[in-house]
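Novice: Below: one structure in structure tokens.
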Amino acid sequence: MQPPTLPQVAVIPCSDYSPERVSLAVHEGLTALGGIGRFTVRGEKILLKPNLLAGDPPERAVTVHPEVFGAVAREFQAAGAKVTYGDSPARGRTERIAQVAGISAVADALDISLADFRHGEIRSLEGPLSHQTVRLANGVLAADGMIGISKMKTHGLTGITGAVKNQYGIIPGLQKSELHLRYPDVYRFSELLVAVLRLAPPRLYIMDGITAMEGNGPRGGTARHMGVLLFSTDAVALDTVFCRLIHLNPEHVPFLEAAHKAGIGNMRLDRIRILGADPDELACKDFLVPRRPPPRFLTSTYVPRFLREWVTPRPVIDSSRCRNCGACVAQCPVTPRALDWPDEDGPKPLPVYHYERCIRCYCCQEICPEKAIYIHVPPMGRILYRK
Ligand code: SF4
Ligand code: SF4
């Protein structure tokens with residue numbers, strides 16, 4: 001019997017976003033995995049799915065850098081593919097976000113059109129969540145193949161956001177927030193992420209880790225130079241290598257654990273074939289990332305609420321940064337809202353948390369454009385986890 005083929009991850013150093021370097025690195029990564037011909041044939045419709053979380057300029061490291069997007073697009077166009085792109089952001093219109101992120105300028109120059117990510121068709125998930133339906137963006141349905149392009153970042157709920165989490169954006173519009181309510185803790189949400197990945201898996205995953213985001217991600221963190229691009233046909237293997245680069249135990253990333261249990265990937269580095277550079281030579285030991293998720297028992301409804309409140313990280317507004325835009329209030333999926341405007345009028349009221357209603361999805365922290373929401377870990381929580 002043939003031994004099972006190990007998933008491959010190409011680790012390609014790239015020191016900065018100069019167009020020549022990025023183009024060379026992207027070409028090298030694709031070549032390491034077998035060449036562009038492995039991922040498309042002439043005439044196919046290929047959808048690029050970059051992380052377009054929110055409208056921030058490239059230097060904020062919130063979205064995939066336009067040079068990476070452009071280099072990938074050119075490779076597929078040169079192979080004869082008809083390329084489109086799209087994503088369903090947390091809030092706002094994709095057109096506007098792509099414009100601020102510098103993606104639409106590259107897309108226009110290459111004559112790449114925006115796919116329809118506002119509407120979709122209902123599909124049932126597979127596996128243990130087969131009772132759950134989601135809308136799948138028309139742009140995904142219209143393509144012959146998809147290429148996921150993620151950003152190397154931290155995330156308030158899931159610890160990191162990478163190749164697996166990036167695919168959550170194939171669900172258009174508000175259903176993403178509604179699903180947070182139905183899958184409120186990180187373990188159940190991770191099962192959902194894995195089911196969405198299974199629904200429409202890309203052919204290839206690429207991660208922009210030239211400038212990553214550490215700390216208060218996925219939008220309010222700090223840019224950190226990592227100088228690397230990752231390539232793989234296996235999302236779990238790619239995210240496992242990302243973990244290695246930031247010295248994070250992949251077993252402490254619930255969606256990787258969920259994928260491993262579902263049999264669609266493994267988190268063991270010795271079961272992954274690394275191509276290109278040694279991740280240990282590019283690794284960053286002091287990358288600021290939540291090191292542990294909440295213990296699973298704390299997510300049980302049998303645990304008294306007061307105990308959970310003592311240890312569970314909570315979003316907090318930094319009044320010195322808040323500009324009262326209301327994006328966080330609009331984003332809260334709970335009814336009545338767990339974050340709302342105060343009843344009394346004031347000269348400049350801040351939104352107020354009602355933690356007794358808060359499900360800790362951290363959507364408010366994710367959307368804040370001013371980095372004004374951070375996640376506070378109570379002292380008891382620091383003892384238990386997130387070390
Ligand atoms: S999103 Fe941020 S800046 Fe806007 S109101 Fe909320 S905390 Fe303030
Ligand atoms: S207040 Fe923030 S963390 Fe709490 S439920 Fe609302 S969006 Fe989620």
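All residue names refer to the structure tokens as shown: chains lettered A, B, ... in order, residues numbered from 1 in each chain, ligands numbered from 1 in order.
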Given a cut-off of 12 Å, what residues near ligand 2 show up using only C-alpha atoms and all ligand atoms, put as a ChimeraX atom specification?
Specialist: /A:90,156-157,177-186,312-317,326-341,351-368,373-376
Novice: Please provide the set of residues having any atom within 9 Å of Val140 of chain A, restricted to only C-alpha atoms, with same-chain residues fewer than 6 positions apart removed, written as a list in words.
Specialist: Leu47, Lys49, Gly86, Ala115, Asp116, Phe117, Gly120, Met146, Ile170 and Ala200 of chain A
Novice: For a quick check of understanding, using only C-alpha atoms and all ligand atoms, which of A:Ile272, A:Gly217, A:Glu370, A:Met380 has the smallest distance to ligand 1?
Specialist: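 Looking only at the distances to ligand 1, the closest residue turns out to be A:Glu370.
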Novice: Identify all residues of segment 279-357 of chain A in strand (DSSP E or B) (DSSP on the backbone) and supply them as a list in words.
Specialist: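 Put together, the selection reads Arg314, Pro315, Val316, Ile317, Leu339, Asp340, Val352 and Tyr353 of chain A.
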Novice: Would you put the residues from that selection into a file with N, CA and C atoms, as a PDB file, in the first residue's frame?
Specialist:
ATOM      1  N   ARG A 314     -13.381  40.158  27.844  1.00  0.00           N
ATOM      2  CA  ARG A 314     -14.498  41.019  27.434  1.00  0.00           C
ATOM      3  C   ARG A 314     -13.995  42.186  26.581  1.00  0.00           C
ATOM      4  N   PRO A 315     -14.810  42.590  25.597  1.00  0.00           N
ATOM      5  CA  PRO A 315     -14.422  43.774  24.825  1.00  0.00           C
ATOM      6  C   PRO A 315     -14.626  45.035  25.654  1.00  0.00           C
ATOM      7  N   VAL A 316     -13.714  45.951  25.518  1.00  0.00           N
ATOM      8  CA  VAL A 316     -13.763  47.211  26.284  1.00  0.00           C
ATOM      9  C   VAL A 316     -13.444  48.355  25.323  1.00  0.00           C
ATOM     10  N   ILE A 317     -14.147  49.486  25.516  1.00  0.00           N
ATOM     11  CA  ILE A 317     -13.889  50.644  24.645  1.00  0.00           C
ATOM     12  C   ILE A 317     -12.883  51.584  25.296  1.00  0.00           C
ATOM     13  N   LEU A 339     -24.332  45.897  23.063  1.00  0.00           N
ATOM     14  CA  LEU A 339     -23.547  47.133  22.985  1.00  0.00           C
ATOM     15  C   LEU A 339     -24.452  48.173  22.339  1.00  0.00           C
ATOM     16  N   ASP A 340     -24.750  49.219  23.091  1.00  0.00           N
ATOM     17  CA  ASP A 340     -25.736  50.174  22.589  1.00  0.00           C
ATOM     18  C   ASP A 340     -25.404  51.570  23.093  1.00  0.00           C
ATOM     19  N   VAL A 352     -22.254  51.681  25.218  1.00  0.00           N
ATOM     20  CA  VAL A 352     -22.141  51.041  26.533  1.00  0.00           C
ATOM     21  C   VAL A 352     -22.370  49.536  26.382  1.00  0.00           C
ATOM     22  N   TYR A 353     -21.538  48.762  27.029  1.00  0.00           N
ATOM     23  CA  TYR A 353     -21.695  47.303  27.006  1.00  0.00           C
ATOM     24  C   TYR A 353     -22.700  46.834  28.048  1.00  0.00           C
TER      25      TYR A 353
END
Novice: Need to verify the contact set: Pro7 of chain A, 8 Å, only C-alpha atoms, exclusion of same-chain residues closer than 2 positions in sequence. Can you return it as number ranges by chain?
Specialist: A: 5, 9, 232-234, 237, 271-273
Novice: When distances are computed from only C-alpha atoms, which of A:Glu214, A:Glu309, A:Asp318, A:Glu344 shows the smallest separation from Gly381 of chain A?
Specialist: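 Looking only at the distances to Gly381 of chain A, the closest residue turns out to be A:Glu309.
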Novice: Pick the closest to ligand 1 from A:Pro349, A:Pro293, A:Pro304, A:Gly127: which is it, counting only C-alpha atoms and all ligand atoms?
Specialist: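 Residue with the minimum atom-to-atom distance to ligand 1: A:Pro349.
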